[in-house]
file work_20.txt (compact mmCIF, C-alpha atoms)
# COMPACT_ATOMS: atom_id res chain seq x y z
CA MET A 1 -100.29 -111.27 9.65
CA ARG A 2 -102.24 -109.27 12.18
CA VAL A 3 -104.01 -106.24 10.72
CA PRO A 4 -102.87 -103.00 12.36
CA VAL A 5 -105.71 -100.91 13.76
CA LEU A 6 -105.15 -97.17 14.21
CA LYS A 7 -107.24 -94.79 16.25
CA GLN A 8 -108.16 -91.57 14.51
CA GLY A 9 -110.36 -89.35 16.66
CA PRO A 10 -113.70 -91.09 17.17
CA HIS A 11 -112.90 -93.67 14.48
CA LEU A 12 -110.77 -96.75 14.04
CA ILE A 13 -108.90 -97.55 10.85
CA ALA A 14 -108.06 -101.19 10.13
CA SER A 15 -105.50 -101.09 7.39
CA VAL A 16 -105.11 -104.42 5.63
CA GLN A 17 -101.52 -104.68 4.38
CA SER A 18 -101.43 -108.01 2.54
CA ALA A 19 -103.39 -111.17 1.79
CA LEU A 20 -105.21 -112.38 4.88
CA THR A 21 -105.60 -115.98 5.99
CA ASP A 22 -108.92 -117.06 7.46
CA ASP A 23 -107.39 -116.88 10.93
CA ASP A 24 -106.22 -113.31 10.27
CA LEU A 25 -109.75 -112.31 9.25
CA VAL A 26 -111.32 -113.87 12.31
CA GLU A 27 -108.72 -112.17 14.50
CA LEU A 28 -109.54 -108.84 12.88
CA ARG A 29 -113.23 -109.39 13.60
CA ASP A 30 -112.52 -110.09 17.28
CA ASP A 31 -110.00 -107.24 17.60
CA LEU A 32 -112.40 -104.67 16.18
CA ALA A 33 -115.33 -105.77 18.33
CA GLU A 34 -113.11 -105.33 21.38
CA LEU A 35 -111.33 -102.11 20.32
CA VAL A 36 -114.59 -100.29 19.54
CA GLY A 37 -115.45 -100.68 23.21
CA ARG A 38 -112.02 -99.85 24.54
CA HIS A 39 -111.77 -96.60 22.54
CA ARG A 40 -115.50 -95.86 22.57
CA SER A 41 -115.28 -95.48 18.80
CA ARG A 42 -118.18 -94.28 16.68
CA GLY A 43 -117.03 -95.80 13.44
CA VAL A 44 -114.61 -98.22 11.80
CA VAL A 45 -113.05 -98.13 8.35
CA VAL A 46 -111.71 -101.43 7.09
CA ASP A 47 -109.36 -100.47 4.27
CA VAL A 48 -109.07 -103.44 1.90
CA THR A 49 -107.20 -101.64 -0.91
CA ALA A 50 -104.34 -104.14 -0.61
CA LEU A 51 -106.56 -107.22 -1.03
CA ASP A 52 -106.21 -108.79 -4.48
CA VAL A 53 -108.86 -111.42 -3.79
CA ILE A 54 -112.07 -111.32 -1.76
CA ASP A 55 -113.55 -114.80 -1.76
CA SER A 56 -116.66 -116.17 -0.04
CA PHE A 57 -115.03 -116.45 3.37
CA ALA A 58 -113.54 -112.95 3.24
CA ALA A 59 -116.85 -111.45 2.12
CA ARG A 60 -118.74 -113.28 4.84
CA THR A 61 -116.26 -112.17 7.50
CA LEU A 62 -116.38 -108.53 6.35
CA ARG A 63 -120.18 -108.72 6.61
CA THR A 64 -119.92 -110.27 10.07
CA ILE A 65 -117.54 -107.49 11.15
CA ALA A 66 -119.95 -104.79 9.95
CA TYR A 67 -122.96 -106.38 11.68
CA THR A 68 -121.03 -107.05 14.88
CA ILE A 69 -119.74 -103.48 15.07
CA ARG A 70 -123.28 -102.21 14.42
CA LEU A 71 -124.51 -104.21 17.40
CA ARG A 72 -121.70 -102.67 19.44
CA GLY A 73 -123.15 -99.25 18.61
CA ALA A 74 -120.74 -98.07 15.92
CA ARG A 75 -120.71 -98.00 12.12
CA THR A 76 -118.42 -99.80 9.70
CA VAL A 77 -117.44 -98.93 6.18
CA ILE A 78 -115.42 -101.20 3.89
CA ALA A 79 -113.14 -99.00 1.80
CA GLY A 80 -111.00 -99.55 -1.26
CA ILE A 81 -112.36 -102.68 -2.96
CA GLN A 82 -110.40 -102.68 -6.22
CA PRO A 83 -112.25 -102.74 -9.59
CA ASP A 84 -111.08 -106.24 -10.57
CA VAL A 85 -111.85 -107.57 -7.11
CA ALA A 86 -115.36 -106.06 -7.24
CA PHE A 87 -115.94 -107.64 -10.66
CA ALA A 88 -114.74 -111.05 -9.49
CA MET A 89 -117.01 -110.83 -6.43
CA VAL A 90 -120.01 -110.14 -8.66
CA GLN A 91 -119.10 -113.06 -10.93
CA LEU A 92 -118.82 -115.34 -7.92
CA GLY A 93 -122.19 -114.12 -6.64
CA LEU A 94 -120.87 -112.37 -3.54
CA SER A 95 -122.32 -109.17 -2.22
CA LEU A 96 -121.84 -107.09 0.88
CA GLU A 97 -125.53 -106.49 1.35
CA GLY A 98 -126.32 -104.11 4.17
CA VAL A 99 -122.69 -103.07 4.50
CA ALA A 100 -121.50 -99.54 3.71
CA THR A 101 -118.68 -99.32 1.18
CA ALA A 102 -116.53 -96.41 0.06
CA LEU A 103 -114.10 -95.73 -2.76
CA ASP A 104 -111.10 -95.28 -0.49
CA LEU A 105 -110.02 -94.44 3.04
CA GLU A 106 -110.71 -90.74 2.62
CA GLU A 107 -114.27 -91.35 1.42
CA GLY A 108 -114.73 -93.93 4.14
CA LEU A 109 -113.80 -91.47 6.88
CA ALA A 110 -115.99 -88.78 5.30
CA PHE A 111 -118.91 -91.22 5.29
CA LEU A 112 -118.39 -92.07 8.97
CA THR A 113 -118.12 -88.42 9.94
CA ARG A 114 -121.41 -87.64 8.16
CA ARG A 115 -123.13 -90.67 9.67
CA THR A 116 -121.91 -90.41 13.21
CA THR A 117 -122.34 -86.66 13.59
CA GLY A 118 -125.73 -86.89 11.86
CA GLU A 119 -126.94 -89.46 14.35
CA ALA A 120 -125.70 -87.47 17.32
CA GLY A 121 -127.45 -84.32 16.07
CA PRO A 122 -130.97 -83.15 16.81
CA MET B 1 -91.84 -126.61 -14.23
CA SER B 2 -92.26 -122.86 -14.40
CA ASP B 3 -95.46 -123.27 -16.42
CA GLU B 4 -96.98 -125.56 -13.89
CA ALA B 5 -97.63 -125.27 -10.18
CA ARG B 6 -98.93 -127.79 -7.68
CA VAL B 7 -99.98 -126.83 -4.19
CA GLN B 8 -101.02 -129.24 -1.46
CA ILE B 9 -104.11 -127.87 0.27
CA LYS B 10 -104.34 -128.57 3.97
CA THR B 11 -104.72 -125.26 5.80
CA ASP B 12 -106.04 -121.76 5.16
CA VAL B 13 -102.49 -120.60 4.42
CA ASP B 14 -102.36 -123.04 1.48
CA ILE B 15 -105.42 -121.31 -0.02
CA ILE B 16 -103.38 -118.11 -0.33
CA ILE B 17 -100.32 -119.92 -1.72
CA ALA B 18 -102.46 -121.68 -4.36
CA ARG B 19 -104.16 -118.54 -5.57
CA GLN B 20 -100.88 -116.60 -5.66
CA GLU B 21 -99.28 -119.36 -7.73
CA GLY B 22 -102.28 -119.27 -10.07
CA ARG B 23 -102.15 -115.52 -10.41
CA SER B 24 -98.45 -115.44 -11.18
CA LEU B 25 -98.80 -118.14 -13.83
CA ALA B 26 -101.78 -116.28 -15.35
CA ALA B 27 -99.74 -113.07 -15.37
CA LYS B 28 -96.82 -114.85 -17.01
CA LEU B 29 -99.09 -116.25 -19.71
CA GLY B 30 -100.30 -112.74 -20.45
CA PHE B 31 -103.79 -112.73 -18.95
CA SER B 32 -105.24 -109.29 -18.19
CA ASN B 33 -105.37 -108.07 -14.60
CA THR B 34 -109.11 -108.67 -14.55
CA ASP B 35 -108.66 -112.28 -15.68
CA GLN B 36 -105.81 -112.81 -13.22
CA THR B 37 -108.13 -111.75 -10.42
CA LEU B 38 -110.92 -114.04 -11.67
CA ILE B 39 -108.47 -116.94 -11.85
CA ALA B 40 -107.06 -116.24 -8.37
CA THR B 41 -110.55 -115.91 -6.88
CA ALA B 42 -111.71 -119.15 -8.53
CA ILE B 43 -108.66 -120.99 -7.14
CA SER B 44 -109.32 -119.54 -3.69
CA GLU B 45 -112.86 -120.85 -3.77
CA LEU B 46 -111.88 -124.30 -5.06
CA ALA B 47 -109.12 -124.61 -2.45
CA ARG B 48 -111.62 -123.59 0.21
CA ASN B 49 -114.01 -126.32 -0.90
CA ILE B 50 -111.23 -128.88 -0.55
CA ILE B 51 -110.64 -127.86 3.07
CA LEU B 52 -114.34 -127.62 3.90
CA TYR B 53 -115.45 -130.88 2.35
CA ALA B 54 -112.39 -133.10 2.05
CA GLN B 55 -109.87 -131.68 4.61
CA SER B 56 -107.02 -131.99 2.15
CA GLY B 57 -106.24 -132.21 -1.53
CA GLU B 58 -104.26 -130.56 -4.27
CA ILE B 59 -104.60 -127.67 -6.67
CA SER B 60 -102.61 -127.71 -9.87
CA VAL B 61 -102.45 -124.99 -12.49
CA PHE B 62 -100.78 -125.25 -15.84
CA GLN B 63 -100.62 -123.76 -19.29
CA ALA B 64 -102.86 -125.09 -22.04
CA GLN B 65 -103.57 -124.42 -25.68
CA LYS B 66 -106.84 -124.51 -27.62
CA GLU B 67 -106.31 -124.05 -31.33
CA ASP B 68 -104.45 -120.73 -31.41
CA LYS B 69 -105.51 -119.62 -27.99
CA PRO B 70 -103.27 -120.00 -24.99
CA GLY B 71 -104.97 -120.56 -21.70
CA ILE B 72 -104.76 -121.86 -18.19
CA VAL B 73 -106.12 -125.01 -16.60
CA ILE B 74 -106.96 -125.29 -12.92
CA ILE B 75 -107.48 -128.72 -11.39
CA ALA B 76 -108.71 -129.13 -7.83
CA ARG B 77 -108.49 -132.72 -6.67
CA ASP B 78 -109.37 -134.37 -3.39
CA ASP B 79 -110.14 -137.86 -2.14
CA GLY B 80 -112.85 -136.69 0.19
CA PRO B 81 -116.45 -137.91 0.56
CA GLY B 82 -117.48 -136.80 -2.95
CA ILE B 83 -120.56 -134.86 -3.99
CA SER B 84 -123.73 -136.95 -3.98
CA ASP B 85 -125.61 -134.79 -6.47
CA VAL B 86 -123.29 -132.81 -8.74
CA SER B 87 -126.09 -131.24 -10.81
CA ARG B 88 -127.69 -129.96 -7.61
CA ALA B 89 -124.35 -128.61 -6.37
CA MET B 90 -124.12 -126.69 -9.64
CA GLN B 91 -127.36 -124.83 -8.94
CA ASP B 92 -127.00 -121.26 -7.79
CA GLY B 93 -127.58 -120.79 -4.10
CA TYR B 94 -127.42 -124.51 -3.33
CA SER B 95 -124.78 -124.16 -0.67
CA THR B 96 -123.63 -120.57 -0.97
CA ALA B 97 -126.87 -119.79 0.86
CA ARG B 98 -125.38 -121.52 3.90
CA GLY B 99 -122.25 -119.51 3.34
CA LEU B 100 -120.12 -122.62 3.25
CA GLY B 101 -118.03 -121.86 0.25
CA LEU B 102 -118.62 -124.42 -2.47
CA GLY B 103 -119.99 -121.76 -4.81
CA LEU B 104 -119.38 -124.01 -7.80
CA PRO B 105 -121.86 -122.08 -9.99
CA GLY B 106 -119.91 -118.92 -9.23
CA VAL B 107 -116.61 -120.53 -10.14
CA ARG B 108 -118.16 -121.83 -13.34
CA ARG B 109 -119.16 -118.27 -14.30
CA MET B 110 -115.52 -117.22 -13.99
CA MET B 111 -114.24 -119.97 -16.28
CA ASP B 112 -114.72 -120.71 -19.98
CA GLU B 113 -114.91 -124.45 -19.44
CA PHE B 114 -115.83 -126.20 -16.26
CA GLU B 115 -116.26 -129.82 -15.23
CA VAL B 116 -116.93 -131.62 -11.98
CA VAL B 117 -116.29 -135.33 -11.64
CA SER B 118 -117.17 -136.82 -8.29
CA LYS B 119 -117.50 -140.30 -6.88
CA ILE B 120 -118.96 -141.01 -3.47
CA SER B 121 -116.22 -141.92 -0.96
CA GLU B 122 -113.57 -141.61 -3.64
CA GLY B 123 -113.29 -137.88 -4.14
CA THR B 124 -113.91 -134.95 -6.40
CA THR B 125 -112.00 -133.44 -9.28
CA VAL B 126 -112.96 -130.00 -10.51
CA THR B 127 -111.41 -128.76 -13.75
CA GLY B 128 -111.68 -125.17 -14.90
CA LYS B 129 -110.20 -123.73 -18.08
CA LYS B 130 -109.85 -120.17 -19.17
CA TRP B 131 -108.67 -119.02 -22.61
CA MET B 132 -107.01 -115.79 -23.48
CA ARG B 133 -109.28 -113.32 -25.25
call {"tool": "encode", "arguments": {"input": "work_20.txt", "output": "structure tokens"}}
result
Amino acid sequence: MRVPVLKQGPHLIASVQSALTDDDLVELRDDLAELVGRHRSRGVVVDVTALDVIDSFAARTLRTIAYTIRLRGARTVIAGIQPDVAFAMVQLGLSLEGVATALDLEEGLAFLTRRTTGEAGP
Amino acid sequence: MSDEARVQIKTDVDIIIARQEGRSLAAKLGFSNTDQTLIATAISELARNIILYAQSGEISVFQAQKEDKPGIVIIARDDGPGISDVSRAMQDGYSTARGLGLGLPGVRRMMDEFEVVSKISEGTTVTGKKWMR
């Protein structure tokens, strides 16, 4: 299932609705890299609240998304990793090193607003 | 039948089916949400290994009992190339460093019992067991 991406002001919100196949994740990566340019977005929130599992491939793809978007000149924040999912990731030895995370969508957007306006400032 | 599930693993969609089957059995057996997530994540990783290293195989999950404790058994079986050095594959960072799944040490941490049996050119069987606390 393709992940819907909404534009909210200078930011994009990718709202994951259900379990994602590997192809879905790769599609999301490509979509976001393209949409950041089309909308000249400053930041992206990937809301993963609905994900009940983040395995090695999902973690790697989320990291790739964040790094790719950074190279495109915008910031990414992964929002809404659930407590059990976070614990399982730690057990498995997965991290999202170098990737911003936030409690939920609201915190994610607040983070981006702070970051992107901060960088544009004096 | 309801206390056992078998899923053929061929594509990335099967990974999701396998872990959802595992989670629903774990839920039915009374595992906590945290354990259900560990079980589902372990299955996801084992199914991923099957696709990465053997192209196809099977995941089965079923109920088990150890003394008074109910539990769940996960078996991931393939007839792929096999693992040449199982003890090395069990070392942290052996292949996760390349980001190619495997992650057997990680899966072992999620389970109470864990065993890998592998024969070159015959295949690999990974068995994980988790008991209710």
call {"tool": "interface_residues", "arguments": {"input": "work_20.txt", "of": "chain B", "to": "chain A", "cutoff": "7 Å", "atoms": "only C-alpha atoms", "output": "ChimeraX atom specification"}}
result
/B:12-13,34,37-38,40-41,44-45,101,106-107,109-110
call {"tool": "write_last_selection", "arguments": {"input": "work_20.txt", "atoms": "C-alpha atoms", "output": "short mmCIF file (atom, residue, chain, number, x, y, z; two decimals), in the frame of the given file"}}
result
data_model
loop_
_atom_site.label_atom_id
_atom_site.label_comp_id
_atom_site.auth_asym_id
_atom_site.auth_seq_id
_atom_site.Cartn_x
_atom_site.Cartn_y
_atom_site.Cartn_z
CA ASP B 12 -106.04 -121.76 5.16
CA VAL B 13 -102.49 -120.60 4.42
CA THR B 34 -109.11 -108.67 -14.55
CA THR B 37 -108.13 -111.75 -10.42
CA LEU B 38 -110.92 -114.04 -11.67
CA ALA B 40 -107.06 -116.24 -8.37
CA THR B 41 -110.55 -115.91 -6.88
CA SER B 44 -109.32 -119.54 -3.69
CA GLU B 45 -112.86 -120.85 -3.77
CA GLY B 101 -118.03 -121.86 0.25
CA GLY B 106 -119.91 -118.92 -9.23
CA VAL B 107 -116.61 -120.53 -10.14
CA ARG B 109 -119.16 -118.27 -14.30
CA MET B 110 -115.52 -117.22 -13.99
#
call {"tool": "closest_residue", "arguments": {"input": "work_20.txt", "among": "A:Thr61, A:Ser18, A:Ala66, A:Pro10", "to": "Thr117 (chain A)", "atoms": "all atoms listed in the file"}}
result
A:Pro10
call {"tool": "atom_distance", "arguments": {"input": "work_20.txt", "atom1": "CA of Lys7 (chain A)", "atom2": "CA of Leu32 (chain A)"}}
result
11.1 Å
call {"tool": "residues_around", "arguments": {"input": "work_20.txt", "residues": "Met132 (chain B)", "least_positions_apart": "4", "cutoff": "12 Å", "atoms": "only C-alpha atoms", "output": "list of chain:residue names"}}
result
B:Ala26, B:Ala27, B:Leu29, B:Gly30, B:Phe31, B:Ser32, B:Asn33, B:Thr34, B:Asp35, B:Gln36, B:Ile39, B:Gln63, B:Ala64, B:Gln65, B:Lys66, B:Glu67, B:Asp68, B:Lys69, B:Pro70, B:Gly71, B:Ile72, B:Val73, B:Met111, B:Asp112
call {"tool": "atom_distance", "arguments": {"input": "work_20.txt", "atom1": "CA of Ile81 (chain A)", "atom2": "CA of Gly108 (chain A)"}}
result
11.5 Å
call {"tool": "atom_distance", "arguments": {"input": "work_20.txt", "atom1": "CA of Gly82 (chain B)", "atom2": "CA of Ser121 (chain B)"}}
result
5.6 Å
call {"tool": "closest_residue", "arguments": {"input": "work_20.txt", "among": "B:Ser84, B:Ala18, B:Ala54, B:Ile75", "to": "Thr127 (chain B)", "atoms": "all atoms listed in the file"}}
result
B:Ile75
call {"tool": "residues_around", "arguments": {"input": "work_20.txt", "residues": "Gln17 (chain A)", "least_positions_apart": "6", "cutoff": "10 Å", "atoms": "all atoms listed in the file", "output": "list in words"}}
result
Met1, Arg2, Val3, Pro4, Asp47, Val48, Thr49, Ala50 and Leu51 of chain A
call {"tool": "residues_around", "arguments": {"input": "work_20.txt", "residues": "Ile78 (chain A)", "least_positions_apart": "2", "cutoff": "6 Å", "atoms": "only C-alpha atoms", "output": "number ranges by chain"}}
result
A: 45-46, 101
call {"tool": "residues_around", "arguments": {"input": "work_20.txt", "residues": "Ile17 (chain B)", "least_positions_apart": "5", "cutoff": "12 Å", "atoms": "all atoms listed in the file", "output": "PyMOL selection string"}}
result
(chain A and resi 19-21) or (chain B and resi 5-12+22-24+40+43-44+47+58-60)
call {"tool": "closest_residue", "arguments": {"input": "work_20.txt", "among": "A:Ile69, A:Leu112, A:Leu105, A:Val77", "to": "Leu35 (chain A)", "atoms": "all atoms listed in the file"}}
result
A:Ile69
call {"tool": "closest_residue", "arguments": {"input": "work_20.txt", "among": "B:Lys28, B:Arg48, B:Lys129, B:Arg88", "to": "Asp3 (chain B)", "atoms": "only C-alpha atoms"}}
result
B:Lys28
call {"tool": "axis_aligned_box", "arguments": {"input": "work_20.txt", "around": "region 61-67 of chain B", "padding_each_side": "5 Å", "output": "JSON"}}
result
{"center_x": -103.7, "center_y": -124.5, "center_z": -21.9, "size_x": 16.2, "size_y": 11.5, "size_z": 28.8}
call {"tool": "residues_around", "arguments": {"input": "work_20.txt", "residues": "Gly43 (chain A)", "least_positions_apart": "3", "cutoff": "7 Å", "atoms": "all atoms listed in the file", "output": "list in words"}}
result
Pro10, His11, Leu12, Ala74, Arg75, Thr76 and Leu112 of chain A
